[in-house]
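K.L.:
Please read through the structure below; I'll follow up with questions.
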Amino acid sequence: MSIVKINVLTVPAEQREVLEQRFASRAGAVEGSDGFEWFELLRPVEGTDQYLVYTRWRSEEDFQNWMSGSMKDAHQGGGDRPKPAASGSTLWSFEVVQQASPK
């Protein structure tokens, strides 16, 4: 079964729009990555300032290949890069053991 990676981003209220715009205009390289299955950016509704970046992958190896390849390339840059919108980040990892879809 697939694996899920959830990047938990702490985003101050004044940076929410910046974060969402950056994700909306991202290069989209993840969609073409081998083993990539799904992406969602989840905005908090109440009680937290943490966004969840949900991705699902065919395997841990596929995720690690993306991390060391196109993701790393996309996040490297010169000194003129904009300040990060998130003030903190934590990565959670899960294995999918059960799933269901609408009937």
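Residues in the structure tokens are numbered from 1 in each chain, the chains being A, B, ... in the order shown, and ligands are numbered from 1 in the order shown.
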Considering only strand (DSSP E) as DSSP defines it on the backbone, what residues of stretch 7-79 of chain A qualify? List them as a ChimeraX atom specification.

P.N.:
/A:7-10,36-42,50-57

K.L.:
Can you spit out the residues from that selection as a PDB file, in the first residue's frame, using N, CA and C atoms?

P.N.:
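Generated file (out01.pdb):
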```
ATOM      1  N   ASN A   7       3.337  17.338   5.776  1.00  0.00           N
ATOM      2  CA  ASN A   7       4.219  18.400   6.248  1.00  0.00           C
ATOM      3  C   ASN A   7       3.345  19.394   7.003  1.00  0.00           C
ATOM      4  N   VAL A   8       3.608  19.550   8.290  1.00  0.00           N
ATOM      5  CA  VAL A   8       2.838  20.441   9.153  1.00  0.00           C
ATOM      6  C   VAL A   8       3.572  21.781   9.185  1.00  0.00           C
ATOM      7  N   LEU A   9       2.955  22.806   8.598  1.00  0.00           N
ATOM      8  CA  LEU A   9       3.565  24.131   8.499  1.00  0.00           C
ATOM      9  C   LEU A   9       2.889  25.102   9.445  1.00  0.00           C
ATOM     10  N   THR A  10       3.641  25.701  10.338  1.00  0.00           N
ATOM     11  CA  THR A  10       3.115  26.740  11.212  1.00  0.00           C
ATOM     12  C   THR A  10       3.178  28.050  10.434  1.00  0.00           C
ATOM     13  N   PHE A  36       4.344   9.398  -7.398  1.00  0.00           N
ATOM     14  CA  PHE A  36       3.445  10.377  -6.783  1.00  0.00           C
ATOM     15  C   PHE A  36       2.001   9.966  -7.035  1.00  0.00           C
ATOM     16  N   GLU A  37       1.151  10.059  -5.993  1.00  0.00           N
ATOM     17  CA  GLU A  37      -0.249   9.679  -6.125  1.00  0.00           C
ATOM     18  C   GLU A  37      -1.239  10.806  -5.816  1.00  0.00           C
ATOM     19  N   TRP A  38      -0.911  11.709  -4.877  1.00  0.00           N
ATOM     20  CA  TRP A  38      -1.916  12.703  -4.483  1.00  0.00           C
ATOM     21  C   TRP A  38      -1.270  13.853  -3.733  1.00  0.00           C
ATOM     22  N   PHE A  39      -1.868  15.037  -3.850  1.00  0.00           N
ATOM     23  CA  PHE A  39      -1.444  16.230  -3.110  1.00  0.00           C
ATOM     24  C   PHE A  39      -2.672  16.990  -2.652  1.00  0.00           C
ATOM     25  N   GLU A  40      -2.625  17.538  -1.438  1.00  0.00           N
ATOM     26  CA  GLU A  40      -3.631  18.475  -0.937  1.00  0.00           C
ATOM     27  C   GLU A  40      -2.957  19.467   0.001  1.00  0.00           C
ATOM     28  N   LEU A  41      -3.324  20.733  -0.118  1.00  0.00           N
ATOM     29  CA  LEU A  41      -2.934  21.755   0.849  1.00  0.00           C
ATOM     30  C   LEU A  41      -4.167  22.025   1.697  1.00  0.00           C
ATOM     31  N   LEU A  42      -4.069  21.779   2.999  1.00  0.00           N
ATOM     32  CA  LEU A  42      -5.208  21.906   3.900  1.00  0.00           C
ATOM     33  C   LEU A  42      -5.050  23.143   4.767  1.00  0.00           C
ATOM     34  N   GLN A  50      -1.680  25.948  11.891  1.00  0.00           N
ATOM     35  CA  GLN A  50      -0.905  24.971  11.138  1.00  0.00           C
ATOM     36  C   GLN A  50      -1.646  24.494   9.892  1.00  0.00           C
ATOM     37  N   TYR A  51      -0.984  24.665   8.763  1.00  0.00           N
ATOM     38  CA  TYR A  51      -1.447  24.102   7.489  1.00  0.00           C
ATOM     39  C   TYR A  51      -0.896  22.694   7.377  1.00  0.00           C
ATOM     40  N   LEU A  52      -1.615  21.825   6.672  1.00  0.00           N
ATOM     41  CA  LEU A  52      -1.124  20.486   6.402  1.00  0.00           C
ATOM     42  C   LEU A  52      -0.923  20.342   4.896  1.00  0.00           C
ATOM     43  N   VAL A  53       0.274  19.904   4.515  1.00  0.00           N
ATOM     44  CA  VAL A  53       0.578  19.609   3.120  1.00  0.00           C
ATOM     45  C   VAL A  53       0.596  18.089   3.016  1.00  0.00           C
ATOM     46  N   TYR A  54      -0.450  17.538   2.409  1.00  0.00           N
ATOM     47  CA  TYR A  54      -0.656  16.093   2.342  1.00  0.00           C
ATOM     48  C   TYR A  54      -0.188  15.581   0.984  1.00  0.00           C
ATOM     49  N   THR A  55       0.718  14.613   0.992  1.00  0.00           N
ATOM     50  CA  THR A  55       1.087  13.927  -0.245  1.00  0.00           C
ATOM     51  C   THR A  55       1.038  12.429  -0.003  1.00  0.00           C
ATOM     52  N   ARG A  56       0.656  11.707  -1.055  1.00  0.00           N
ATOM     53  CA  ARG A  56       0.622  10.239  -0.987  1.00  0.00           C
ATOM     54  C   ARG A  56       1.534   9.701  -2.088  1.00  0.00           C
ATOM     55  N   TRP A  57       2.296   8.671  -1.741  1.00  0.00           N
ATOM     56  CA  TRP A  57       3.316   8.111  -2.619  1.00  0.00           C
ATOM     57  C   TRP A  57       3.177   6.600  -2.700  1.00  0.00           C
TER      58      TRP A  57
END
```

K.L.:
Determine which residues of stretch 5-81 of chain A DSSP labels as helix (DSSP H, G or I) from the backbone of this structure, then write them out as a PyMOL selection string.

P.N.:
chain A and resi 13-24+29-32+60-68+70-75

K.L.:
Take atom CA of A:Ser2 and atom CA of A:Gly35 and report the distance between them in Å, one decimal.

P.N.:
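Interatomic distance here is 9.3 Å.
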
K.L.:
Hey, which of A:Glu46, A:Arg22, A:Gln98, A:Ser33 ends up closest to A:Arg58? Count only C-alpha atoms.

P.N.:
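For A:Arg58, the nearest of the candidates is A:Ser33.
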
K.L.:
If we count only C-alpha atoms and set the cut-off at 12 Å, which residues sit around A:Pro12, ignoring sequence neighbours fewer than 3 positions away in its own chain? Please answer as a PyMOL selection string.

P.N.:
chain A and resi 9+15-19+44+48-51+84-88

K.L.:
Which distance in Å separates atom CA of A:Gln21 and atom CA of A:Glu95, to one decimal?

P.N.:
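Taking atom CA of A:Gln21 and atom CA of A:Glu95, their separation equals 29.6 Å.
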
K.L.:
Between atom CA of A:Ala13 and atom CA of A:Gly47, measure the distance and give it in Å to one decimal.

P.N.:
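Calculated distance between atom CA of A:Ala13 and atom CA of A:Gly47 is 12.1 Å.
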
K.L.:
Which polymer residues have any atom within 9 Å of an atom of A:Glu60, counting only C-alpha atoms, with same-chain residues fewer than 5 positions away left out, as an NGL selection string?

P.N.:
:A and (2-4 or 65)
